[in-house]
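Trainee: Sharing a structure here in C-alpha cells format.
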Amino acid sequence: MTMWQPDPTALRRPAYLSLADQIARAISDGRLQPGERLATHRHMAETLELSVQTVSRAYEELIRRGLISGETGRGTFIRAPQREPVPPYIPERLSEVIDLSILKPVVCETRHIDAMKAALHELADDLPHSAVLSFRPNTLFARHRRVAQSWLREHCGVEATPGTIHLTNGATSGMTIALMAAAPPGSTVVTEAVGHHTLVPLAAYLGLRLRGVAIDAEGVIPEALDEACSEGDVRALFVMPNPINATASLMGEARRAGIVEVARRHGLQIIENDVLAPLLSERLPPLAALAPERTLYVTTFTKCVMPGLRSGYLVVPDRLGPGVANRSLVTSWMATGLIAELAARWVENGTAADLVRWQNEAIRGRQAIAAELLAGIPHKAHPEGLHVWLPLGEGRSEEEFVSHARLQGVAIAPGASFAIGGAAEGGMDRQPAVRISVGSTTPEQLRDGLKIVVNLLQGEPEPVLLAM
C-alpha cells in the first residue's frame with residue numbers, strides 16, 4: 001500500500017472530482033508511481049470521511065482518464081504513462097496505398113499551383129516591408145483584420161469588428177489559443193462524444209479535463225450538455241455544428257438555439273470550430289451569431305481554399321481580447337506575416353472565393369461517387385462535406401476492419417480515433433464506424449477505394465491473420 005494519502009482539508013465540491021484531481025496531481029508530480037496500489041474504496045472513504053460511492057466515482061473518473069486500473073481480487077493500481085495518441089491518418093502517403101484516411105480538400109495541382117505561383121510573383125514585385133520586418137501584431141495586421149471582417153460576414157455569417165478578430169496560423173493554432181483563453185488548467189471542457197481527434201491530446205497538454213457528451217443525428221444533445229454542466233467544473237464547450245465533425249452531422253437551427261440556452265444558463269464559453277462554413281451553399285447562423293458574447297469562433301482557409309494556405313481567423317468577445325492576445329504571443333507570437341498577406345490579397349482580389357466555388361463543385365462530385373457506391377448502405381455524409389461516416393454494424397471490430405482495408409491497399413480512419421470519454425451509454429460513440437475522406441485522392445482512386453470498403457462491409461467479419 002502506498003504511503004501517500006489525499007488531503008481531506010483540500011477537498012472541494014463535487015468531492016469525487018476534487019479527490020480524483022488530487023490523485024491525478026500526485027501521479028503527475030511523481031508522488032504516486034506506476035504499479036503502486038491505492039487504498040480500497042472503503043478504506044479511502046473512512047480515512048477521508050466520504051461515502052464509498054463518492055470514492056468509487058473518483059476512481060471511475062481516474063479510470064476514464066487512463067490513470068489507474070482496477071484488477072479484480074487485487075485492488076486498484078496506478079497505470080504506466082500511456083503512449084502518445086496515434087493519429088487517425090497514415091503518417092506518410094505511400095504510392096501503393098489509396099489514402100482515404102486524411103481529411104483534406106480536393107486539390108487540382110495545375111489550378112492551385114498556378115494560383116500560388118502567380119500570388120508569389122505578385123508578392124515579390126510588391127512586397128509590403130511590414131510583412132517581413134514587423135514585430136508587432138497590432139501594427140502589421142490592421143489592414144488584414146478589415147479584410148477578414150468582410151470574409152467572415154460573406155462566407156461565414158459572422159459579424160465582427162476588427163478589434164475582435166485575431167489572425168492565426170490555421171485552425172489548430174486558433175483552437176489552442178481559444179482553449180487557453182476559455183478554460184483555466186484543471187477545469188473541464190465538454191465536447192461531442194465523437195469529436196475532434198486532436199482535441200484529446202491538446203486538452204491533456206493544456207492541463208484540461210475533457211469530457212464527451214452524448215450526441216444524436218444533430219450533434220450535442222442539450223439535455224446531455226445540461227447534465228454534464230451540473231456535475232463538475234465545466235468552463236467551455238468545444239463544438240463543430242457544421243458537418244466537418246467526425247459523424248458528418250449538421251446541427252439544426254433549433255438545436256443551435258438550445259445549445260446556446262444551456263451555455264448561457266451555466267456560464268459556458270463556446271469554442272466553435274467552423275472551418276467548413278465557406279463551402280456550404282446554405283449556411284445556418286453560426287453559434288457566434290446567436291451568442292457573440294460567449295463564443296470564440298475558429299475558421300481557416302486550409303480546408304476550403306488550399307491546404308498550404310495555413311492562415312485563419314479567431315473571433316472572440318471583446319472582454320476576452322486581451323487574454324487571447326497574450327496567449328497568441330506565448331504560443332506563436334503572431335501569425336506568419338507572408339502567409340497572412342497572401343490570404344488577405346486572395347480575399348481582396350476574389351481568388352479565395354473562386355477557389356471556394358471550385359472546391360464546392362469538386363466535393364459535390366466526390367460525394368456523388370460515394371453516394372452511388374454506398375447506395376443502400378447506412379452512412380452519414382453531407383453533399384458539401386469532406387468525408388463520409390460509415391457505421392460498421394454490430395459484430396465488427398473497427399481495428400480489424402481498418403486492418404483488412406489496409407491489407408487491400410486502402411487507408412481509412414477508425415472511429416475510435418474520434419471517441420471522447422465520458423459520454424452517456426447508448427450514444428453514437430458506442431457504434432463501431434470508420435471515417436472515409438472523399439477529397440484526398442483522385443476520383444478514380446476514390447471509386448476503387450470505396451469498392452474495396454463496400455466489399456469488406458458486405459462480407460463476413462474475419463480476423464486479420466498475419467503470415468509468420
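Chain labels follow the order of the C-alpha cells: the first chain is A, the next B, and so on; residue numbering restarts at 1 in every chain, and ligands are counted from 1 in their shown order.
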Region 316-326 of chain A: which residues within 9 Å, counting only C-alpha atoms, same-chain residues fewer than 6 positions away excluded, as a ChimeraX atom specification?

Mentor: /A:160,163-166,177-178,180-182,288,292-297,333-334

Trainee: Could you pull out the helix (DSSP H, G or I) residues of region 191-352 of chain A, going by DSSP on the backbone, and write them as a PDB file with N, CA, C and O atoms, in the first residue's frame?

Mentor:
```
ATOM      1  N   LEU A 199      -8.240  17.062 -30.228  1.00  0.00           N
ATOM      2  CA  LEU A 199      -8.680  17.719 -29.006  1.00  0.00           C
ATOM      3  C   LEU A 199      -8.251  16.954 -27.751  1.00  0.00           C
ATOM      4  O   LEU A 199      -7.939  17.562 -26.725  1.00  0.00           O
ATOM      5  N   VAL A 200      -8.218  15.628 -27.830  1.00  0.00           N
ATOM      6  CA  VAL A 200      -7.840  14.827 -26.651  1.00  0.00           C
ATOM      7  C   VAL A 200      -6.406  15.127 -26.214  1.00  0.00           C
ATOM      8  O   VAL A 200      -6.175  15.505 -25.055  1.00  0.00           O
ATOM      9  N   PRO A 201      -5.401  14.981 -27.091  1.00  0.00           N
ATOM     10  CA  PRO A 201      -4.046  15.312 -26.641  1.00  0.00           C
ATOM     11  C   PRO A 201      -3.859  16.794 -26.348  1.00  0.00           C
ATOM     12  O   PRO A 201      -3.143  17.154 -25.417  1.00  0.00           O
ATOM     13  N   LEU A 202      -4.520  17.668 -27.112  1.00  0.00           N
ATOM     14  CA  LEU A 202      -4.369  19.103 -26.869  1.00  0.00           C
ATOM     15  C   LEU A 202      -4.865  19.477 -25.482  1.00  0.00           C
ATOM     16  O   LEU A 202      -4.194  20.219 -24.742  1.00  0.00           O
ATOM     17  N   ALA A 203      -6.037  18.958 -25.097  1.00  0.00           N
ATOM     18  CA  ALA A 203      -6.564  19.241 -23.757  1.00  0.00           C
ATOM     19  C   ALA A 203      -5.615  18.712 -22.687  1.00  0.00           C
ATOM     20  O   ALA A 203      -5.372  19.373 -21.672  1.00  0.00           O
ATOM     21  N   ALA A 204      -5.052  17.523 -22.908  1.00  0.00           N
ATOM     22  CA  ALA A 204      -4.121  16.950 -21.926  1.00  0.00           C
ATOM     23  C   ALA A 204      -2.874  17.818 -21.792  1.00  0.00           C
ATOM     24  O   ALA A 204      -2.397  18.072 -20.683  1.00  0.00           O
ATOM     25  N   TYR A 205      -2.334  18.294 -22.906  1.00  0.00           N
ATOM     26  CA  TYR A 205      -1.135  19.129 -22.854  1.00  0.00           C
ATOM     27  C   TYR A 205      -1.406  20.458 -22.141  1.00  0.00           C
ATOM     28  O   TYR A 205      -0.511  21.024 -21.510  1.00  0.00           O
ATOM     29  N   PRO A 222     -28.786  18.901 -26.025  1.00  0.00           N
ATOM     30  CA  PRO A 222     -28.800  19.924 -24.972  1.00  0.00           C
ATOM     31  C   PRO A 222     -28.980  19.363 -23.571  1.00  0.00           C
ATOM     32  O   PRO A 222     -28.345  19.829 -22.621  1.00  0.00           O
ATOM     33  N   GLU A 223     -29.852  18.363 -23.412  1.00  0.00           N
ATOM     34  CA  GLU A 223     -30.084  17.794 -22.084  1.00  0.00           C
ATOM     35  C   GLU A 223     -28.819  17.121 -21.548  1.00  0.00           C
ATOM     36  O   GLU A 223     -28.529  17.178 -20.346  1.00  0.00           O
ATOM     37  N   ALA A 224     -28.066  16.467 -22.430  1.00  0.00           N
ATOM     38  CA  ALA A 224     -26.815  15.837 -22.002  1.00  0.00           C
ATOM     39  C   ALA A 224     -25.789  16.889 -21.615  1.00  0.00           C
ATOM     40  O   ALA A 224     -25.031  16.721 -20.651  1.00  0.00           O
ATOM     41  N   LEU A 225     -25.755  17.988 -22.350  1.00  0.00           N
ATOM     42  CA  LEU A 225     -24.856  19.090 -22.013  1.00  0.00           C
ATOM     43  C   LEU A 225     -25.235  19.685 -20.666  1.00  0.00           C
ATOM     44  O   LEU A 225     -24.367  19.963 -19.821  1.00  0.00           O
ATOM     45  N   ASP A 226     -26.522  19.863 -20.435  1.00  0.00           N
ATOM     46  CA  ASP A 226     -27.002  20.422 -19.164  1.00  0.00           C
ATOM     47  C   ASP A 226     -26.605  19.519 -18.000  1.00  0.00           C
ATOM     48  O   ASP A 226     -26.141  19.995 -16.955  1.00  0.00           O
ATOM     49  N   GLU A 227     -26.746  18.212 -18.191  1.00  0.00           N
ATOM     50  CA  GLU A 227     -26.390  17.262 -17.129  1.00  0.00           C
ATOM     51  C   GLU A 227     -24.895  17.308 -16.837  1.00  0.00           C
ATOM     52  O   GLU A 227     -24.477  17.298 -15.672  1.00  0.00           O
ATOM     53  N   ALA A 228     -24.080  17.359 -17.889  1.00  0.00           N
ATOM     54  CA  ALA A 228     -22.631  17.407 -17.695  1.00  0.00           C
ATOM     55  C   ALA A 228     -22.223  18.663 -16.938  1.00  0.00           C
ATOM     56  O   ALA A 228     -21.347  18.621 -16.069  1.00  0.00           O
ATOM     57  N   CYS A 229     -22.868  19.784 -17.249  1.00  0.00           N
ATOM     58  CA  CYS A 229     -22.536  21.041 -16.579  1.00  0.00           C
ATOM     59  C   CYS A 229     -22.931  21.025 -15.111  1.00  0.00           C
ATOM     60  O   CYS A 229     -22.345  21.749 -14.292  1.00  0.00           O
ATOM     61  N   SER A 230     -23.916  20.220 -14.768  1.00  0.00           N
ATOM     62  CA  SER A 230     -24.385  20.152 -13.381  1.00  0.00           C
ATOM     63  C   SER A 230     -23.498  19.267 -12.513  1.00  0.00           C
ATOM     64  O   SER A 230     -23.637  19.249 -11.293  1.00  0.00           O
ATOM     65  N   GLU A 253     -31.208  24.553 -36.687  1.00  0.00           N
ATOM     66  CA  GLU A 253     -31.308  25.883 -36.085  1.00  0.00           C
ATOM     67  C   GLU A 253     -31.872  25.825 -34.673  1.00  0.00           C
ATOM     68  O   GLU A 253     -31.380  26.501 -33.765  1.00  0.00           O
ATOM     69  N   ALA A 254     -32.914  25.010 -34.465  1.00  0.00           N
ATOM     70  CA  ALA A 254     -33.498  24.906 -33.126  1.00  0.00           C
ATOM     71  C   ALA A 254     -32.493  24.287 -32.155  1.00  0.00           C
ATOM     72  O   ALA A 254     -32.403  24.710 -30.995  1.00  0.00           O
ATOM     73  N   ARG A 255     -31.718  23.303 -32.602  1.00  0.00           N
ATOM     74  CA  ARG A 255     -30.711  22.685 -31.744  1.00  0.00           C
ATOM     75  C   ARG A 255     -29.636  23.706 -31.359  1.00  0.00           C
ATOM     76  O   ARG A 255     -29.177  23.735 -30.214  1.00  0.00           O
ATOM     77  N   ARG A 256     -29.232  24.523 -32.312  1.00  0.00           N
ATOM     78  CA  ARG A 256     -28.232  25.552 -32.012  1.00  0.00           C
ATOM     79  C   ARG A 256     -28.743  26.504 -30.935  1.00  0.00           C
ATOM     80  O   ARG A 256     -28.014  26.872 -30.010  1.00  0.00           O
ATOM     81  N   ALA A 257     -30.005  26.890 -31.059  1.00  0.00           N
ATOM     82  CA  ALA A 257     -30.592  27.773 -30.052  1.00  0.00           C
ATOM     83  C   ALA A 257     -30.636  27.092 -28.692  1.00  0.00           C
ATOM     84  O   ALA A 257     -30.387  27.723 -27.647  1.00  0.00           O
ATOM     85  N   GLY A 258     -30.932  25.783 -28.678  1.00  0.00           N
ATOM     86  CA  GLY A 258     -30.961  25.041 -27.422  1.00  0.00           C
ATOM     87  C   GLY A 258     -29.596  24.946 -26.768  1.00  0.00           C
ATOM     88  O   GLY A 258     -29.467  25.079 -25.541  1.00  0.00           O
ATOM     89  N   ILE A 259     -28.557  24.753 -27.556  1.00  0.00           N
ATOM     90  CA  ILE A 259     -27.192  24.694 -27.032  1.00  0.00           C
ATOM     91  C   ILE A 259     -26.809  26.047 -26.429  1.00  0.00           C
ATOM     92  O   ILE A 259     -26.212  26.123 -25.344  1.00  0.00           O
ATOM     93  N   VAL A 260     -27.160  27.125 -27.117  1.00  0.00           N
ATOM     94  CA  VAL A 260     -26.848  28.466 -26.617  1.00  0.00           C
ATOM     95  C   VAL A 260     -27.563  28.726 -25.295  1.00  0.00           C
ATOM     96  O   VAL A 260     -26.988  29.301 -24.359  1.00  0.00           O
ATOM     97  N   GLU A 261     -28.814  28.273 -25.193  1.00  0.00           N
ATOM     98  CA  GLU A 261     -29.570  28.490 -23.947  1.00  0.00           C
ATOM     99  C   GLU A 261     -28.898  27.797 -22.773  1.00  0.00           C
ATOM    100  O   GLU A 261     -28.761  28.373 -21.682  1.00  0.00           O
ATOM    101  N   VAL A 262     -28.446  26.552 -22.974  1.00  0.00           N
ATOM    102  CA  VAL A 262     -27.755  25.833 -21.907  1.00  0.00           C
ATOM    103  C   VAL A 262     -26.439  26.530 -21.558  1.00  0.00           C
ATOM    104  O   VAL A 262     -26.091  26.683 -20.381  1.00  0.00           O
ATOM    105  N   ALA A 263     -25.712  26.959 -22.562  1.00  0.00           N
ATOM    106  CA  ALA A 263     -24.430  27.627 -22.324  1.00  0.00           C
ATOM    107  C   ALA A 263     -24.615  28.903 -21.522  1.00  0.00           C
ATOM    108  O   ALA A 263     -23.833  29.197 -20.598  1.00  0.00           O
ATOM    109  N   ARG A 264     -25.639  29.654 -21.831  1.00  0.00           N
ATOM    110  CA  ARG A 264     -25.890  30.897 -21.076  1.00  0.00           C
ATOM    111  C   ARG A 264     -26.293  30.593 -19.634  1.00  0.00           C
ATOM    112  O   ARG A 264     -25.851  31.269 -18.704  1.00  0.00           O
ATOM    113  N   ARG A 265     -27.099  29.573 -19.460  1.00  0.00           N
ATOM    114  CA  ARG A 265     -27.562  29.242 -18.109  1.00  0.00           C
ATOM    115  C   ARG A 265     -26.410  28.809 -17.212  1.00  0.00           C
ATOM    116  O   ARG A 265     -26.403  29.094 -16.013  1.00  0.00           O
ATOM    117  N   HIS A 266     -25.428  28.134 -17.786  1.00  0.00           N
ATOM    118  CA  HIS A 266     -24.303  27.637 -16.990  1.00  0.00           C
ATOM    119  C   HIS A 266     -23.051  28.516 -17.111  1.00  0.00           C
ATOM    120  O   HIS A 266     -22.013  28.175 -16.537  1.00  0.00           O
ATOM    121  N   ALA A 277     -17.547  26.217 -43.055  1.00  0.00           N
ATOM    122  CA  ALA A 277     -18.603  27.178 -43.372  1.00  0.00           C
ATOM    123  C   ALA A 277     -18.541  27.737 -44.786  1.00  0.00           C
ATOM    124  O   ALA A 277     -19.568  27.786 -45.485  1.00  0.00           O
ATOM    125  N   PRO A 278     -17.380  28.195 -45.287  1.00  0.00           N
ATOM    126  CA  PRO A 278     -17.379  28.792 -46.629  1.00  0.00           C
ATOM    127  C   PRO A 278     -17.808  27.832 -47.736  1.00  0.00           C
ATOM    128  O   PRO A 278     -18.231  28.279 -48.809  1.00  0.00           O
ATOM    129  N   LEU A 279     -17.715  26.515 -47.523  1.00  0.00           N
ATOM    130  CA  LEU A 279     -18.071  25.546 -48.551  1.00  0.00           C
ATOM    131  C   LEU A 279     -19.570  25.266 -48.616  1.00  0.00           C
ATOM    132  O   LEU A 279     -20.043  24.666 -49.585  1.00  0.00           O
ATOM    133  N   LEU A 287     -23.089  29.625 -34.136  1.00  0.00           N
ATOM    134  CA  LEU A 287     -23.295  29.938 -32.726  1.00  0.00           C
ATOM    135  C   LEU A 287     -22.740  31.315 -32.399  1.00  0.00           C
ATOM    136  O   LEU A 287     -23.253  32.006 -31.515  1.00  0.00           O
ATOM    137  N   ALA A 288     -21.698  31.721 -33.118  1.00  0.00           N
ATOM    138  CA  ALA A 288     -21.111  33.046 -32.889  1.00  0.00           C
ATOM    139  C   ALA A 288     -22.090  34.159 -33.211  1.00  0.00           C
ATOM    140  O   ALA A 288     -21.984  35.261 -32.662  1.00  0.00           O
ATOM    141  N   ALA A 289     -23.044  33.895 -34.117  1.00  0.00           N
ATOM    142  CA  ALA A 289     -24.070  34.894 -34.420  1.00  0.00           C
ATOM    143  C   ALA A 289     -25.184  34.875 -33.384  1.00  0.00           C
ATOM    144  O   ALA A 289     -25.800  35.904 -33.098  1.00  0.00           O
ATOM    145  N   LEU A 290     -25.446  33.684 -32.807  1.00  0.00           N
ATOM    146  CA  LEU A 290     -26.512  33.560 -31.804  1.00  0.00           C
ATOM    147  C   LEU A 290     -26.052  33.992 -30.418  1.00  0.00           C
ATOM    148  O   LEU A 290     -26.850  34.482 -29.614  1.00  0.00           O
ATOM    149  N   ASP A 318     -15.289  40.850 -26.881  1.00  0.00           N
ATOM    150  CA  ASP A 318     -14.404  41.963 -26.505  1.00  0.00           C
ATOM    151  C   ASP A 318     -13.668  41.702 -25.196  1.00  0.00           C
ATOM    152  O   ASP A 318     -12.471  41.970 -25.083  1.00  0.00           O
ATOM    153  N   ARG A 319     -14.376  41.180 -24.203  1.00  0.00           N
ATOM    154  CA  ARG A 319     -13.784  41.032 -22.876  1.00  0.00           C
ATOM    155  C   ARG A 319     -12.639  40.017 -22.859  1.00  0.00           C
ATOM    156  O   ARG A 319     -11.792  40.048 -21.963  1.00  0.00           O
ATOM    157  N   LEU A 320     -12.613  39.105 -23.841  1.00  0.00           N
ATOM    158  CA  LEU A 320     -11.544  38.108 -23.893  1.00  0.00           C
ATOM    159  C   LEU A 320     -10.378  38.552 -24.767  1.00  0.00           C
ATOM    160  O   LEU A 320      -9.364  37.845 -24.854  1.00  0.00           O
ATOM    161  N   GLY A 321     -10.507  39.699 -25.409  1.00  0.00           N
ATOM    162  CA  GLY A 321      -9.485  40.162 -26.334  1.00  0.00           C
ATOM    163  C   GLY A 321      -8.079  40.229 -25.748  1.00  0.00           C
ATOM    164  O   GLY A 321      -7.134  39.672 -26.334  1.00  0.00           O
ATOM    165  N   PRO A 322      -7.880  40.875 -24.600  1.00  0.00           N
ATOM    166  CA  PRO A 322      -6.530  40.951 -24.042  1.00  0.00           C
ATOM    167  C   PRO A 322      -5.931  39.579 -23.716  1.00  0.00           C
ATOM    168  O   PRO A 322      -4.758  39.326 -23.979  1.00  0.00           O
ATOM    169  N   GLY A 323      -6.747  38.680 -23.149  1.00  0.00           N
ATOM    170  CA  GLY A 323      -6.259  37.352 -22.824  1.00  0.00           C
ATOM    171  C   GLY A 323      -5.888  36.560 -24.062  1.00  0.00           C
ATOM    172  O   GLY A 323      -4.881  35.847 -24.084  1.00  0.00           O
ATOM    173  N   VAL A 324      -6.693  36.683 -25.105  1.00  0.00           N
ATOM    174  CA  VAL A 324      -6.397  35.989 -26.359  1.00  0.00           C
ATOM    175  C   VAL A 324      -5.119  36.529 -26.976  1.00  0.00           C
ATOM    176  O   VAL A 324      -4.280  35.779 -27.480  1.00  0.00           O
ATOM    177  N   ALA A 325      -4.943  37.843 -26.933  1.00  0.00           N
ATOM    178  CA  ALA A 325      -3.717  38.439 -27.478  1.00  0.00           C
ATOM    179  C   ALA A 325      -2.486  37.918 -26.740  1.00  0.00           C
ATOM    180  O   ALA A 325      -1.462  37.598 -27.358  1.00  0.00           O
ATOM    181  N   ASN A 326      -2.571  37.821 -25.428  1.00  0.00           N
ATOM    182  CA  ASN A 326      -1.442  37.313 -24.650  1.00  0.00           C
ATOM    183  C   ASN A 326      -1.139  35.853 -24.986  1.00  0.00           C
ATOM    184  O   ASN A 326       0.028  35.448 -25.087  1.00  0.00           O
ATOM    185  N   ARG A 327      -2.177  35.049 -25.136  1.00  0.00           N
ATOM    186  CA  ARG A 327      -1.963  33.638 -25.436  1.00  0.00           C
ATOM    187  C   ARG A 327      -1.450  33.436 -26.866  1.00  0.00           C
ATOM    188  O   ARG A 327      -0.715  32.487 -27.131  1.00  0.00           O
ATOM    189  N   SER A 328      -1.826  34.327 -27.754  1.00  0.00           N
ATOM    190  CA  SER A 328      -1.245  34.298 -29.093  1.00  0.00           C
ATOM    191  C   SER A 328       0.253  34.566 -29.026  1.00  0.00           C
ATOM    192  O   SER A 328       1.053  33.906 -29.706  1.00  0.00           O
ATOM    193  N   LEU A 329       0.631  35.522 -28.200  1.00  0.00           N
ATOM    194  CA  LEU A 329       2.041  35.877 -28.077  1.00  0.00           C
ATOM    195  C   LEU A 329       2.866  34.711 -27.539  1.00  0.00           C
ATOM    196  O   LEU A 329       3.957  34.432 -28.030  1.00  0.00           O
ATOM    197  N   VAL A 330       2.355  34.013 -26.525  1.00  0.00           N
ATOM    198  CA  VAL A 330       3.173  32.971 -25.903  1.00  0.00           C
ATOM    199  C   VAL A 330       3.174  31.667 -26.698  1.00  0.00           C
ATOM    200  O   VAL A 330       4.038  30.823 -26.485  1.00  0.00           O
ATOM    201  N   THR A 331       2.230  31.476 -27.621  1.00  0.00           N
ATOM    202  CA  THR A 331       2.213  30.242 -28.406  1.00  0.00           C
ATOM    203  C   THR A 331       2.938  30.394 -29.740  1.00  0.00           C
ATOM    204  O   THR A 331       3.621  29.474 -30.186  1.00  0.00           O
ATOM    205  N   SER A 332       2.778  31.538 -30.404  1.00  0.00           N
ATOM    206  CA  SER A 332       3.430  31.710 -31.711  1.00  0.00           C
ATOM    207  C   SER A 332       3.873  33.146 -31.965  1.00  0.00           C
ATOM    208  O   SER A 332       4.325  33.459 -33.053  1.00  0.00           O
ATOM    209  N   GLY A 337       3.494  36.564 -41.212  1.00  0.00           N
ATOM    210  CA  GLY A 337       3.125  37.735 -41.996  1.00  0.00           C
ATOM    211  C   GLY A 337       2.940  37.471 -43.476  1.00  0.00           C
ATOM    212  O   GLY A 337       1.964  37.943 -44.089  1.00  0.00           O
ATOM    213  N   LEU A 338       3.848  36.710 -44.094  1.00  0.00           N
ATOM    214  CA  LEU A 338       3.758  36.471 -45.530  1.00  0.00           C
ATOM    215  C   LEU A 338       2.501  35.681 -45.904  1.00  0.00           C
ATOM    216  O   LEU A 338       1.821  35.992 -46.884  1.00  0.00           O
ATOM    217  N   ILE A 339       2.189  34.636 -45.120  1.00  0.00           N
ATOM    218  CA  ILE A 339       1.005  33.824 -45.415  1.00  0.00           C
ATOM    219  C   ILE A 339      -0.265  34.641 -45.173  1.00  0.00           C
ATOM    220  O   ILE A 339      -1.228  34.564 -45.961  1.00  0.00           O
ATOM    221  N   ALA A 340      -0.282  35.421 -44.121  1.00  0.00           N
ATOM    222  CA  ALA A 340      -1.441  36.279 -43.857  1.00  0.00           C
ATOM    223  C   ALA A 340      -1.639  37.284 -44.987  1.00  0.00           C
ATOM    224  O   ALA A 340      -2.777  37.589 -45.374  1.00  0.00           O
ATOM    225  N   GLU A 341      -0.550  37.801 -45.534  1.00  0.00           N
ATOM    226  CA  GLU A 341      -0.634  38.752 -46.645  1.00  0.00           C
ATOM    227  C   GLU A 341      -1.193  38.069 -47.894  1.00  0.00           C
ATOM    228  O   GLU A 341      -2.039  38.640 -48.600  1.00  0.00           O
ATOM    229  N   LEU A 342      -0.742  36.857 -48.180  1.00  0.00           N
ATOM    230  CA  LEU A 342      -1.297  36.105 -49.311  1.00  0.00           C
ATOM    231  C   LEU A 342      -2.805  35.896 -49.153  1.00  0.00           C
ATOM    232  O   LEU A 342      -3.574  36.109 -50.097  1.00  0.00           O
ATOM    233  N   ALA A 343      -3.224  35.476 -47.959  1.00  0.00           N
ATOM    234  CA  ALA A 343      -4.645  35.239 -47.715  1.00  0.00           C
ATOM    235  C   ALA A 343      -5.449  36.517 -47.903  1.00  0.00           C
ATOM    236  O   ALA A 343      -6.516  36.511 -48.533  1.00  0.00           O
ATOM    237  N   ALA A 344      -4.949  37.613 -47.371  1.00  0.00           N
ATOM    238  CA  ALA A 344      -5.661  38.886 -47.494  1.00  0.00           C
ATOM    239  C   ALA A 344      -5.794  39.306 -48.955  1.00  0.00           C
ATOM    240  O   ALA A 344      -6.853  39.773 -49.390  1.00  0.00           O
ATOM    241  N   ARG A 345      -4.735  39.140 -49.723  1.00  0.00           N
ATOM    242  CA  ARG A 345      -4.792  39.517 -51.138  1.00  0.00           C
ATOM    243  C   ARG A 345      -5.784  38.638 -51.898  1.00  0.00           C
ATOM    244  O   ARG A 345      -6.505  39.122 -52.776  1.00  0.00           O
ATOM    245  N   TRP A 346      -5.809  37.353 -51.573  1.00  0.00           N
ATOM    246  CA  TRP A 346      -6.750  36.466 -52.255  1.00  0.00           C
ATOM    247  C   TRP A 346      -8.193  36.787 -51.889  1.00  0.00           C
ATOM    248  O   TRP A 346      -9.090  36.600 -52.698  1.00  0.00           O
ATOM    249  N   VAL A 347      -8.431  37.263 -50.683  1.00  0.00           N
ATOM    250  CA  VAL A 347      -9.778  37.717 -50.322  1.00  0.00           C
ATOM    251  C   VAL A 347     -10.119  38.980 -51.108  1.00  0.00           C
ATOM    252  O   VAL A 347     -11.205  39.104 -51.679  1.00  0.00           O
ATOM    253  N   GLU A 348      -9.175  39.897 -51.171  1.00  0.00           N
ATOM    254  CA  GLU A 348      -9.422  41.179 -51.845  1.00  0.00           C
ATOM    255  C   GLU A 348      -9.646  41.020 -53.343  1.00  0.00           C
ATOM    256  O   GLU A 348     -10.515  41.673 -53.931  1.00  0.00           O
ATOM    257  N   ASN A 349      -8.851  40.161 -54.000  1.00  0.00           N
ATOM    258  CA  ASN A 349      -8.967  40.070 -55.457  1.00  0.00           C
ATOM    259  C   ASN A 349      -9.914  38.967 -55.937  1.00  0.00           C
ATOM    260  O   ASN A 349     -10.059  38.746 -57.140  1.00  0.00           O
ATOM    261  N   THR A 351      -9.697  35.666 -55.520  1.00  0.00           N
ATOM    262  CA  THR A 351      -9.134  34.331 -55.735  1.00  0.00           C
ATOM    263  C   THR A 351      -9.655  33.341 -54.696  1.00  0.00           C
ATOM    264  O   THR A 351      -9.991  32.186 -55.021  1.00  0.00           O
ATOM    265  N   ALA A 352      -9.711  33.751 -53.433  1.00  0.00           N
ATOM    266  CA  ALA A 352     -10.184  32.848 -52.374  1.00  0.00           C
ATOM    267  C   ALA A 352     -11.611  32.401 -52.639  1.00  0.00           C
ATOM    268  O   ALA A 352     -11.935  31.205 -52.533  1.00  0.00           O
TER     269      ALA A 352
END
```

Trainee: Please give the complete set of residues from region 20-104 of chain A that DSSP, run on the backbone, assigns to strand (DSSP E), formatted as a list in words.

Mentor: Arg37, Leu38, Ile68, Ser69, Gly70, Glu71, Gly75, Thr76, Phe77, Ile78, Ile98 and Asp99 of chain A

Trainee: Would you please work out which residue, of A:Ile27, A:Val298, A:Ala58, A:Leu237, is nearest to His41 (chain A) when using only C-alpha atoms?

Mentor: A:Ala58

Trainee: Near Val194 (chain A), within 12 Å and counting only C-alpha atoms, which residues show up once chain neighbours fewer than 5 positions away are dropped, as a PyMOL selection string?

Mentor: chain A and resi 199-200+211-217+219-220+238-240+244-249+389+414-424+427-435

Trainee: When you count only C-alpha atoms, which of these residues is closest to Phe135 (chain A): A:Gln33, A:Ser150, A:Thr336, A:Ser311?

Mentor: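 Among the listed residues, A:Thr336 lies closest to Phe135 (chain A).
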
Trainee: For region 109-120 of chain A, work out the shell of residues within 8 Å, counting only C-alpha atoms and skipping chain neighbours fewer than 2 positions away, then give it as a ChimeraX atom specification.

Mentor: /A:107,122-124,306,342
